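> Here it is, the structure in full.
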Amino acid sequence: PLRGTPTVARSWEEDLERILWTEDEIAARVSEIAAEISEDIKGCGAEVAVVGVATGAFVFLADLVRRMGLPVAVDLIRVESYGSRTESNGAPAIVSDVRVDVEGKHVILVEDIVDTGNTLSFLISHMKSKGARAVSVCTFLDKPGRRKVQFELVGDGKFYRGFVCPDCFVVGYGMDFSERCRYLPFVAVLKPEKYT
Ligand code: 5GP
Ligand code: MG
Ligand code: MG
């Protein structure tokens, strides 16, 4: 097994400081975004590929595509950005690329959270180089105050976000701390003493 792979030895919920968004609040907001995207996409005249950034986006991706109610292609891409445990640096690399052909399609990149913007600006360029006709970004959470790179969308792509996130490290709803807490159906702040 991977080094540090979690076991069921104990619950990690005692590592949490407070809940930011409950399961119900998340469900309501995801429905709103899904409706907004569907409305924008209906008239775009291109095929749509919804591409989640693994692993963190998997829960949001699953909820989003089921609520969009449109015949979209769904795929995942895996990138790795080397850096500290709670912050990416400027050099992401693709570990596993999409299998869907995105050429001529409207790609919607789905992220769990945008922080510095490094990962997304890299992925937007990547989709552009693969011939995407438009690239939108849909992130569940956004930390706009921490942006280091401003990304440019492609074609008539748009930016969608679920919630603006305070400047603290959050887990749950797909997001991890060293592979823990992804399964939690809500979003919580990790106790700072856990990572400082
Ligand atoms: P960026 O490249 O924008 O700096 O970082 C993006 C990635 O860093 C996110 O997709 C996410 O995987 C991770 N990240 C940034 N902030 C947080 C956070 O508060 N909690 C968790 N779990 N991951 C985060
Ligand atoms: Mg992510
Ligand atoms: Mg992570």
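Each chain in the structure tokens gets a letter, A, B and so on, in the order shown; residues start at 1 in every chain, and ligands are counted from 1 in the order they appear.
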Counting only C-alpha atoms and all ligand atoms, what are the residues, protein, DNA or RNA alike, that approach ligand 2 to within 8 Å? I want them as a PyMOL selection string.
chain A and resi 53-57+111-114+119+175
> For the selection just defined, write its residues with C-alpha atoms to a file, as a PDB file, in the first residue's frame.

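What ended up in result-v9.pdb:
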```pdb
ATOM      1  CA  VAL A  53      -9.347  17.419 -11.520  1.00  0.00           C
ATOM      2  CA  ALA A  54      -8.614  14.272  -9.526  1.00  0.00           C
ATOM      3  CA  THR A  55      -8.818  13.476  -6.794  1.00  0.00           C
ATOM      4  CA  GLY A  56     -10.336  16.442  -4.964  1.00  0.00           C
ATOM      5  CA  ALA A  57     -13.082  17.252  -7.473  1.00  0.00           C
ATOM      6  CA  GLU A 111     -11.973  21.861  -9.451  1.00  0.00           C
ATOM      7  CA  ASP A 112     -12.510  21.444  -5.733  1.00  0.00           C
ATOM      8  CA  ILE A 113     -10.775  24.703  -4.861  1.00  0.00           C
ATOM      9  CA  VAL A 114      -8.772  27.426  -6.581  1.00  0.00           C
ATOM     10  CA  THR A 119      -3.072  24.360 -11.384  1.00  0.00           C
ATOM     11  CA  MET A 175     -10.965  17.557  -0.281  1.00  0.00           C
TER      12      MET A 175
END
```
> Out of range 23-196 of chain A, which residues get strand (DSSP E or B) from DSSP, as a ChimeraX atom specification?
/A:48-54,73-83,88-96,106-114,134-142,154,159-164,170-172,175,177,180,187-190
> Compile the contact shell of Tyr183 in chain A as a PDB file with C-alpha atoms, in the first residue's frame: residues with an atom at most 7 Å away, counting only C-alpha atoms, same-chain residues fewer than 5 positions apart removed.

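Written out: around-v7.pdb:
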```
ATOM      1  CA  GLY A 172     -14.353  17.307   3.180  1.00  0.00           C
ATOM      2  CA  TYR A 173     -16.651  17.056   0.136  1.00  0.00           C
ATOM      3  CA  GLY A 174     -13.755  15.433  -1.744  1.00  0.00           C
TER       4      GLY A 174
END
```
> With distances taken over only C-alpha atoms and all ligand atoms, which residue among A:Thr22, A:Ser11, A:Ser178, A:Ser31 lies nearest ligand 1?
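Closest to ligand 1 of all the choices is A:Ser178.
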> Quick one: residues within 9 Å of Arg147 in chain A, only C-alpha atoms, excluding same-chain residues fewer than 6 positions away - as a PyMOL selection string?
chain A and resi 114-118
> Have a look at A:Gly162, A:Pro185, A:Gly155, A:Pro92 and name the one nearest to ligand 1; count only C-alpha atoms and all ligand atoms.
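Closest to ligand 1, using only C-alpha atoms and all ligand atoms: A:Pro92.
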> Give me the residues within 8 Å of range 61-66 of chain A as a VMD selection string, counting only C-alpha atoms and dropping any in the same chain fewer than 6 places off.
chain A and resid 30 to 31 33 to 34 50 52 72 74 110
> Keeping C-alpha atoms for every residue in the selection just given, could you write it to a file as a CSV table (one decimal), in the first residue's frame?

```csv
chain,number,residue,atom,x,y,z
A,30,VAL,CA,-24.6,22.8,-6.4
A,31,SER,CA,-28.1,22.8,-7.9
A,33,ILE,CA,-24.6,26.3,-10.3
A,34,ALA,CA,-25.7,23.3,-12.3
A,50,VAL,CA,-16.8,18.0,-18.2
A,52,GLY,CA,-12.7,16.9,-13.1
A,72,VAL,CA,-22.1,15.7,-21.6
A,74,VAL,CA,-17.3,13.2,-18.3
A,110,VAL,CA,-14.1,21.2,-12.5
```
> Mind checking which residues fall within 10 Å of Pro71 in chain A, counting only C-alpha atoms, ignoring those fewer than 6 positions away in the same chain, and posting them as a ChimeraX atom specification?
/A:47-49,65
> Please save N, CA and C atoms of the selected residues as a CSV table (one decimal), in the first residue's frame.

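Okay, part-v8.csv is ready:
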```csv
chain,number,residue,atom,x,y,z
A,47,GLU,N,-20.1,20.3,-28.5
A,47,GLU,CA,-20.2,19.2,-27.6
A,47,GLU,C,-19.5,19.6,-26.3
A,48,VAL,N,-19.9,19.1,-25.2
A,48,VAL,CA,-19.3,19.5,-23.9
A,48,VAL,C,-18.6,18.3,-23.2
A,49,ALA,N,-17.4,18.6,-22.7
A,49,ALA,CA,-16.7,17.6,-21.9
A,49,ALA,C,-16.4,18.2,-20.6
A,65,VAL,N,-22.6,16.9,-12.5
A,65,VAL,CA,-23.0,16.4,-13.8
A,65,VAL,C,-24.4,15.7,-13.7
```
> Give me, as a PyMOL selection string, all polymer residues having an atom no more than 7 Å from range 124-141 of chain A, counting only C-alpha atoms and skipping those fewer than 2 positions away in the same chain.
chain A and resi 60+102-114+120-122+143+153-165
> Could you turn the residues from that selection into a file that holds C-alpha atoms, as a tab-separated table (two decimals), in the first residue's frame?

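Once everything was written out, this is again.tsv:
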```
chain	number	residue	atom	x	y	z
A	60	PHE	CA	-18.41	17.83	-6.74
A	102	VAL	CA	-11.53	17.43	-26.36
A	103	GLU	CA	-10.74	18.84	-29.78
A	104	GLY	CA	-13.48	21.24	-30.90
A	105	LYS	CA	-15.35	20.73	-27.63
A	106	HIS	CA	-16.36	23.12	-24.90
A	107	VAL	CA	-14.38	21.90	-21.89
A	108	ILE	CA	-15.57	22.62	-18.37
A	109	LEU	CA	-12.73	22.11	-15.92
A	110	VAL	CA	-14.10	21.16	-12.52
A	111	GLU	CA	-11.97	21.86	-9.45
A	112	ASP	CA	-12.51	21.44	-5.73
A	113	ILE	CA	-10.78	24.70	-4.86
A	114	VAL	CA	-8.77	27.43	-6.58
A	120	LEU	CA	-5.91	25.90	-13.38
A	121	SER	CA	-3.83	28.18	-15.55
A	122	PHE	CA	-1.72	25.18	-16.44
A	143	LYS	CA	-9.86	31.66	-2.36
A	153	LEU	CA	-10.58	31.39	-20.10
A	154	VAL	CA	-10.75	30.27	-23.72
A	155	GLY	CA	-13.38	31.27	-26.30
A	156	ASP	CA	-16.75	31.92	-24.70
A	157	GLY	CA	-15.73	30.04	-21.56
A	158	LYS	CA	-17.01	31.30	-18.20
A	159	PHE	CA	-15.97	31.12	-14.57
A	160	TYR	CA	-18.33	29.54	-12.05
A	161	ARG	CA	-17.78	29.09	-8.34
A	162	GLY	CA	-19.76	27.61	-5.51
A	163	PHE	CA	-18.57	29.61	-2.52
A	164	VAL	CA	-15.82	32.06	-1.64
A	165	CYS	CA	-13.65	30.31	0.94
```
> Quick one: distance from CA of Ser38 in chain A to CA of Leu123 in chain A in Å, one decimal?
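Between CA of Ser38 in chain A and CA of Leu123 in chain A the gap works out to 22.1 Å.
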